[in-house]
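Engineer: One file is attached below, input23.cif, containing mmCIF, C-alpha atoms.
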data_data
loop_
_atom_site.label_atom_id
_atom_site.label_comp_id
_atom_site.auth_asym_id
_atom_site.auth_seq_id
_atom_site.Cartn_x
_atom_site.Cartn_y
_atom_site.Cartn_z
CA ASN A 1285 0.93 5.31 19.53
CA ALA A 1286 3.98 7.19 18.32
CA ARG A 1287 3.73 10.88 17.45
CA VAL A 1288 5.66 12.50 14.64
CA ASN A 1289 6.25 16.24 14.32
CA LEU A 1290 5.30 17.73 10.97
CA ASN A 1291 5.47 21.35 9.87
CA LYS A 1292 5.45 23.30 6.63
CA GLN A 1293 9.19 22.88 6.18
CA THR A 1294 9.19 19.11 6.57
CA ARG A 1295 5.85 18.32 4.94
CA PRO A 1296 6.46 15.73 2.21
CA GLN A 1297 6.28 17.11 -1.32
CA HIS A 1298 5.00 15.44 -4.46
CA THR A 1299 7.33 12.79 -5.83
CA ARG A 1300 7.76 11.65 -9.38
CA ARG A 1301 5.42 9.08 -10.83
CA ARG A 1302 6.66 5.54 -10.37
CA ARG A 1303 5.29 2.26 -11.61
CA CYS A 1304 6.67 -1.20 -11.31
CA SER A 1305 5.66 -4.60 -12.46
CA VAL A 1306 6.06 -6.95 -9.54
CA ALA A 1307 6.96 -10.61 -9.75
CA PRO A 1308 8.01 -12.81 -6.82
CA LYS A 1309 11.71 -12.30 -7.54
CA ARG A 1310 11.62 -9.52 -10.10
CA VAL A 1311 10.80 -5.84 -9.96
CA LEU A 1312 10.92 -3.52 -12.97
CA SER A 1313 10.86 0.20 -12.23
CA GLY A 1314 10.91 3.50 -14.04
CA MET A 1315 8.90 5.10 -16.80
CA GLY A 1316 9.25 2.46 -19.52
CA ASP A 1317 6.43 0.54 -21.14
CA VAL A 1318 5.67 -1.44 -18.01
CA ALA A 1319 2.18 -2.43 -19.12
CA LYS A 1320 3.59 -4.31 -22.10
CA GLU A 1321 6.17 -6.03 -19.90
CA ALA A 1322 3.49 -6.96 -17.37
CA SER A 1323 1.46 -8.51 -20.16
CA ARG A 1324 4.48 -10.55 -21.26
CA LEU A 1325 5.02 -11.85 -17.73
CA ALA A 1326 1.30 -12.76 -17.75
CA ARG A 1327 0.20 -14.56 -14.59
CA HIS A 1328 3.51 -14.03 -12.84
CA SER A 1329 3.33 -10.25 -12.49
CA MET A 1330 1.12 -7.39 -11.43
CA GLU A 1331 1.35 -3.62 -11.59
CA ALA A 1332 2.14 -1.56 -8.52
CA PHE A 1333 2.46 2.15 -7.79
CA SER A 1334 4.36 3.63 -4.84
CA VAL A 1335 3.54 7.19 -3.76
CA PHE A 1336 6.69 8.15 -1.81
CA PRO A 1337 10.39 7.35 -2.21
CA TYR A 1338 11.87 5.06 0.41
CA PHE A 1339 14.22 6.55 2.99
CA THR A 1340 16.15 4.86 5.77
CA VAL A 1341 18.30 6.24 8.56
CA ALA A 1342 21.27 5.65 6.25
CA ASN A 1343 20.04 7.46 3.13
CA ALA A 1344 17.80 10.18 4.61
CA LYS A 1345 19.98 13.28 4.33
CA THR A 1346 17.63 16.27 4.54
CA ASP A 1347 15.12 17.17 7.25
CA HIS A 1348 12.34 16.51 4.73
CA GLN A 1349 13.68 13.01 3.99
CA LYS A 1350 14.17 12.20 7.67
CA SER A 1351 10.63 13.38 8.48
CA LEU A 1352 9.17 11.31 5.67
CA GLN A 1353 11.11 8.22 6.74
CA ILE A 1354 9.64 8.48 10.25
CA LEU A 1355 6.13 9.18 8.97
CA LEU A 1356 6.08 6.11 6.74
CA LEU A 1357 7.49 3.90 9.49
CA GLU A 1358 4.88 5.04 12.00
CA LEU A 1359 2.06 4.73 9.45
CA LYS A 1360 2.46 0.97 9.79
CA HIS A 1361 1.72 1.20 13.50
CA GLY A 1362 -1.16 3.67 13.50
CA GLY A 1363 0.85 6.59 14.90
CA GLN A 1364 -0.09 10.26 15.05
CA VAL A 1365 1.35 13.38 13.46
CA SER A 1366 1.81 16.60 15.43
CA HIS A 1367 1.30 19.70 13.28
CA SER A 1368 3.03 23.05 13.75
CA ASP A 1369 -0.11 24.51 15.39
CA GLY A 1370 0.02 21.80 18.06
CA SER A 1371 -2.90 19.77 16.72
CA LEU A 1372 -2.68 16.00 16.43
CA GLU A 1373 -3.86 13.89 13.51
CA ASN A 1374 -3.89 10.14 12.95
CA LEU A 1375 -1.37 9.19 10.28
CA THR A 1376 -4.06 7.20 8.51
CA SER A 1377 -5.98 10.46 7.97
CA TRP A 1378 -2.78 12.18 6.80
CA PHE A 1379 -2.07 9.40 4.28
CA ALA A 1380 -5.66 9.43 3.01
CA ARG A 1381 -5.34 13.17 2.34
CA GLU A 1382 -1.99 12.70 0.61
CA LEU A 1383 -3.49 10.04 -1.66
CA GLN A 1384 -6.45 12.26 -2.47
CA SER A 1385 -4.22 15.24 -3.33
CA ARG A 1386 -2.11 13.09 -5.67
CA MET A 1387 -5.01 11.53 -7.55
CA VAL A 1388 -5.29 14.51 -9.92
CA ASN A 1389 -1.83 14.58 -11.46
CA LEU A 1390 0.41 11.90 -9.95
CA ILE A 1391 -1.30 8.57 -9.35
CA PRO A 1392 -2.41 6.93 -12.63
CA LYS A 1393 -6.21 6.84 -12.87
CA GLU A 1394 -6.26 3.08 -13.38
CA PHE A 1395 -4.74 2.69 -9.89
CA LEU A 1396 -6.87 5.12 -7.92
CA GLY A 1397 -9.98 7.06 -8.85
CA PRO A 1398 -13.77 7.28 -8.55
CA HIS A 1399 -14.10 3.88 -10.22
CA THR A 1400 -11.64 2.16 -7.87
CA PHE A 1401 -12.67 -0.48 -5.35
CA LEU A 1402 -10.06 -0.59 -2.60
CA VAL A 1403 -9.06 -3.78 -0.79
CA PRO A 1404 -6.78 -3.10 2.20
CA MET A 1405 -3.83 -5.46 2.61
CA PRO A 1406 -4.05 -7.25 5.97
CA THR A 1407 -1.14 -6.94 8.38
CA SER A 1408 1.15 -9.93 8.88
CA SER A 1409 -0.79 -10.90 12.02
CA ILE A 1410 -4.13 -12.72 12.16
CA THR A 1411 -6.87 -10.25 11.27
CA PRO A 1412 -9.27 -9.64 14.18
CA LEU A 1413 -12.91 -10.02 13.18
CA PRO A 1414 -14.88 -7.92 12.73
CA PRO A 1415 -12.10 -5.73 11.25
CA SER A 1416 -10.91 -2.91 13.49
CA ARG A 1417 -9.99 0.44 11.92
CA SER A 1418 -7.78 1.31 14.89
CA ALA A 1419 -5.81 -1.95 14.65
CA TRP A 1420 -5.62 -2.11 10.84
CA PRO A 1421 -4.21 1.15 9.38
CA MET A 1422 -4.76 0.31 5.69
CA PHE A 1423 -8.37 -0.65 6.40
CA ASP A 1424 -8.88 2.75 8.04
CA VAL A 1425 -7.28 4.59 5.08
CA SER A 1426 -9.44 2.64 2.62
CA MET A 1427 -12.62 3.45 4.51
CA LEU A 1428 -11.67 7.13 4.84
CA LEU A 1429 -11.26 7.39 1.04
CA ALA A 1430 -14.54 5.55 0.45
CA GLU A 1431 -16.38 7.78 2.95
CA ALA A 1432 -14.99 10.87 1.19
CA LYS A 1433 -16.33 9.37 -2.07
CA VAL A 1434 -12.99 9.81 -3.84
CA VAL A 1435 -12.97 6.08 -4.62
CA GLY A 1436 -15.85 3.87 -5.66
CA GLY A 1437 -15.83 1.80 -2.49
CA ALA A 1438 -13.74 -0.29 -0.11
CA GLY A 1439 -14.09 -3.57 1.71
CA ALA A 1440 -12.19 -6.22 3.64
CA ALA A 1441 -12.19 -8.81 0.86
CA LEU A 1442 -8.92 -10.19 2.21
CA VAL A 1443 -8.28 -11.16 5.83
CA ARG A 1444 -5.40 -13.13 7.27
CA HIS A 1445 -6.30 -16.31 9.15
CA ALA A 1446 -2.67 -17.36 9.70
CA ALA A 1447 0.19 -15.10 10.75
CA VAL A 1448 3.26 -14.85 8.50
CA PRO A 1449 6.78 -13.61 9.28
CA LYS A 1450 7.52 -10.01 8.32
CA THR A 1451 9.64 -10.15 5.16
CA HIS A 1452 12.01 -7.34 6.15
CA LEU A 1453 12.73 -8.95 9.55
CA ALA A 1454 13.22 -12.55 8.38
CA VAL A 1455 16.43 -14.07 7.07
CA ALA A 1456 16.30 -15.08 3.41
CA ALA A 1457 15.59 -18.76 4.11
CA GLU A 1458 12.62 -17.90 6.34
CA ARG A 1459 10.93 -15.25 4.23
CA PRO A 1460 7.38 -16.28 3.34
CA SER A 1461 6.84 -17.34 -0.25
CA VAL A 1462 4.00 -16.35 -2.55
CA GLU A 1463 2.34 -19.68 -1.73
CA THR A 1464 2.73 -19.12 2.02
CA HIS A 1465 1.11 -15.71 1.73
CA ALA A 1466 -1.68 -17.05 -0.48
CA ASN A 1467 -2.48 -19.82 2.02
CA SER A 1468 -2.61 -17.32 4.89
CA PHE A 1469 -5.52 -15.35 3.38
CA THR A 1470 -9.26 -15.89 3.55
CA VAL A 1471 -11.09 -14.28 0.62
CA ASP A 1472 -14.62 -12.88 0.73
CA LEU A 1473 -15.63 -12.10 -2.85
CA ARG A 1474 -18.99 -10.84 -1.61
CA ALA A 1475 -17.16 -7.68 -0.49
CA ILE A 1476 -16.17 -6.88 -4.11
CA PRO A 1477 -18.84 -5.55 -6.50
CA LEU A 1478 -19.46 -8.01 -9.33
CA GLY A 1479 -17.27 -7.32 -12.35
CA SER A 1480 -15.01 -4.83 -10.55
CA ASP A 1481 -11.27 -4.46 -10.82
CA ILE A 1482 -9.56 -3.77 -7.50
CA THR A 1483 -6.62 -1.88 -6.05
CA ILE A 1484 -4.92 -3.45 -3.05
CA LEU A 1485 -3.73 -0.74 -0.62
CA ASP A 1486 -0.60 -1.44 1.42
CA ASP A 1487 2.00 0.53 3.36
CA VAL A 1488 5.20 -0.78 1.76
CA LEU A 1489 6.20 -2.88 -1.23
CA SER A 1490 9.28 -4.98 -0.52
CA SER A 1491 9.81 -8.33 -2.25
CA GLY A 1492 6.36 -8.39 -3.84
CA THR A 1493 5.51 -11.84 -2.47
CA ASN A 1494 2.74 -10.50 -0.21
CA ALA A 1495 1.00 -8.75 -3.11
CA MET A 1496 1.44 -11.73 -5.40
CA GLY A 1497 0.13 -14.06 -2.69
CA ALA A 1498 -2.93 -11.85 -2.25
CA ARG A 1499 -3.67 -11.96 -5.95
CA LEU A 1500 -3.16 -15.73 -6.06
CA ALA A 1501 -5.62 -16.17 -3.18
CA LEU A 1502 -8.15 -13.95 -4.96
CA THR A 1503 -7.75 -15.89 -8.22
CA ARG A 1504 -8.19 -19.23 -6.49
CA ALA A 1505 -11.37 -17.92 -4.88
CA GLY A 1506 -12.76 -17.03 -8.30
CA PHE A 1507 -11.87 -13.36 -8.71
CA LYS A 1508 -11.58 -12.66 -12.44
CA GLY A 1509 -10.84 -8.93 -12.52
CA VAL A 1510 -7.57 -7.01 -12.55
CA ALA A 1511 -5.77 -6.51 -9.23
CA ARG A 1512 -3.31 -3.64 -8.93
CA VAL A 1513 -1.37 -2.40 -5.91
CA VAL A 1514 -0.86 1.07 -4.44
CA THR A 1515 1.62 1.46 -1.58
CA ALA A 1516 2.90 4.35 0.48
CA THR A 1517 6.50 3.47 -0.34
CA HIS A 1518 8.78 0.72 -1.64
CA THR A 1519 12.08 -0.86 -0.67
CA VAL A 1520 12.92 -2.14 -4.16
#
Translate this structure into structure tokens?
Structural biologist:
Amino acid sequence: NARVNLNKQTRPQHTRRRRCSVAPKRVLSGMGDVAKEASRLARHSMEAFSVFPYFTVANAKTDHQKSLQILLLELKHGGQVSHSDGSLENLTSWFARELQSRMVNLIPKEFLGPHTFLVPMPTSSITPLPPSRSAWPMFDVSMLLAEAKVVGGAGAALVRHAAVPKTHLAVAAERPSVETHANSFTVDLRAIPLGSDITILDDVLSSGTNAMGARLALTRAGFKGVARVVTATHTV
């Protein structure tokens, strides 16, 4: 596992509130009336919230931005963070604490709160069963938040039975579609409390096809609630 240095000077700060309505080939961002737009797009959209801005090697200019870029990259791989006092912490624990600290005044309550049931987004690989917290970072984060009782619960209602190419690594013609993503999931509605809305927790929002495919799979399995998405960051 990779280790990332983090100290008081480079610790990520709160970012502005961001919502977007995600469609397979359309992303609307900013502070406008997104809920109304999402309603207009009906079945072809869903609401998403990203906690941190997205930084790359090219656009990360400050030490804070460079640190955050590395942290978010290593979160995908279950890395560790090294604090200024020399202690080590799993990045999943760090992200869970960051989510909890932002629930009061940054993350909209309909996305994350005591009423929320979290469904971790599976990785692009086949999900090992039973689910492993060490091999599935978003599952670990979800369970940490549920164990801290800051969300209503969490469960692996979505697992991936067929691997899909990573969107950011594939050429345009080979990027998985919403349908491809939907067909790669197995849904277990027994993991979701009856009548609950859910928030899907993921590390990064890119094209939106993964999130839309997850919702399509849930709908086909009989899920009738609202599915929203919270991600660590976004590339759109």
Engineer: So, counting all atoms listed in the file, which residue among A:Ile1410, A:Met1405, A:Ala1342, A:Val1388 is closest to Val1488 (chain A)?
Structural biologist: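 Closest to Val1488 (chain A), using all atoms listed in the file: A:Met1405.
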Engineer: How many Å separate CA of Ala1511 (chain A) from CA of Gly1397 (chain A)?
Structural biologist: 14.2 Å
Engineer: Got a sec to resolve the PyMOL selection byres ((chain A and resi 1510) around 10) on this structure and send the residues as an mmCIF file with C-alpha atoms, in the frame of the given file?
Structural biologist:
data_model
loop_
_atom_site.group_PDB
_atom_site.id
_atom_site.type_symbol
_atom_site.label_atom_id
_atom_site.label_comp_id
_atom_site.auth_asym_id
_atom_site.auth_seq_id
_atom_site.Cartn_x
_atom_site.Cartn_y
_atom_site.Cartn_z
ATOM 1 C CA MET A 1330 1.120 -7.390 -11.430
ATOM 2 C CA GLU A 1331 1.350 -3.620 -11.590
ATOM 3 C CA GLY A 1479 -17.270 -7.320 -12.350
ATOM 4 C CA SER A 1480 -15.010 -4.830 -10.550
ATOM 5 C CA ASP A 1481 -11.270 -4.460 -10.820
ATOM 6 C CA ILE A 1482 -9.560 -3.770 -7.500
ATOM 7 C CA THR A 1483 -6.620 -1.880 -6.050
ATOM 8 C CA ARG A 1499 -3.670 -11.960 -5.950
ATOM 9 C CA THR A 1503 -7.750 -15.890 -8.220
ATOM 10 C CA PHE A 1507 -11.870 -13.360 -8.710
ATOM 11 C CA LYS A 1508 -11.580 -12.660 -12.440
ATOM 12 C CA GLY A 1509 -10.840 -8.930 -12.520
ATOM 13 C CA ALA A 1511 -5.770 -6.510 -9.230
ATOM 14 C CA ARG A 1512 -3.310 -3.640 -8.930
#
Engineer: Just checking: using only C-alpha atoms, which residue out of A:Asp1472, A:Glu1373, A:Lys1450, A:Gly1362 ends up closest to Arg1417 (chain A)?
Structural biologist: A:Gly1362
Engineer: Between A:Leu1402, A:Ala1505, A:Ala1498, A:Ala1332, single out the one closest to Pro1477 (chain A), counting only C-alpha atoms.
Structural biologist: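 Ranking A:Leu1402, A:Ala1505, A:Ala1498, A:Ala1332 by distance to Pro1477 (chain A), first place goes to A:Leu1402.
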Engineer: Rounded to one decimal in Å, what is the spacing between CA of Glu1394 (chain A) and CA of Gly1437 (chain A)?
Structural biologist: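 Calculated distance between CA of Glu1394 (chain A) and CA of Gly1437 (chain A) is 14.6 Å.
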Engineer: Please determine, counting only C-alpha atoms, which residue among A:Ala1475, A:Val1462, A:Leu1413, A:Val1335 has the shortest atom-to-atom distance to Asn1389 (chain A).
Structural biologist: A:Val1335
Engineer: Report the distance between CA of Pro1404 (chain A) and CA of Ala1495 (chain A) in Å, rounded to one decimal place.
Structural biologist: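 We find that CA of Pro1404 (chain A) and CA of Ala1495 (chain A) lie 11.0 Å from each other.
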Engineer: Written as number ranges by chain, which residues does the PyMOL selection byres ((chain A and resi 1352) around 9) give for the file shown?
Structural biologist: A: 1294-1296, 1336-1339, 1344, 1347-1351, 1353-1357
Engineer: Of the residues A:Gln1384, A:Thr1519, A:Thr1376, A:Ser1366, which is the one nearest to Trp1420 (chain A), using all atoms listed in the file?
Structural biologist: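 Selected residue with least distance to Trp1420 (chain A): A:Thr1376.
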Engineer: Restricting the calculation to all atoms listed in the file: of A:Gly1492, A:Gln1364, A:Val1435, A:Asp1487, which residue gets closest to Phe1395 (chain A)?
Structural biologist: A:Val1435
Engineer: Under the PyMOL selection byres ((chain A and resi 1471) around 7), which residues of this model are included? Write them out as number ranges by chain.
Structural biologist: A: 1441-1443, 1469-1470, 1472-1473, 1501-1502, 1505
Engineer: Name all residues at most 9 Å from Leu1383 (chain A) (count only C-alpha atoms; drop same-chain ones fewer than 3 positions away) and give them as a list in words.
Structural biologist: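 Selected residues are Val1335, Trp1378, Phe1379, Ala1380, Arg1386, Met1387, Ile1391, Leu1396, Leu1429 and Ala1516 of chain A.
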Engineer: Find the spatial neighbours of Val1448 (chain A), counting only C-alpha atoms, within a cut-off of 9 Å - ignore same-chain residues fewer than 5 positions away - and output them as a list in words.
Structural biologist: Ser1408, Ser1409, Ile1410, Arg1459, Pro1460, Thr1464, His1465 and Ser1468 of chain A
Engineer: Draw an axis-aligned box over all listed atoms of region 1336-1353 of chain A, pad each side with 3 Å, and write its centre and edge lengths in Å, one decimal, as JSON.
Structural biologist:
{"center_x": 14.0, "center_y": 11.0, "center_z": 3.2, "size_x": 20.6, "size_y": 18.3, "size_z": 16.8}
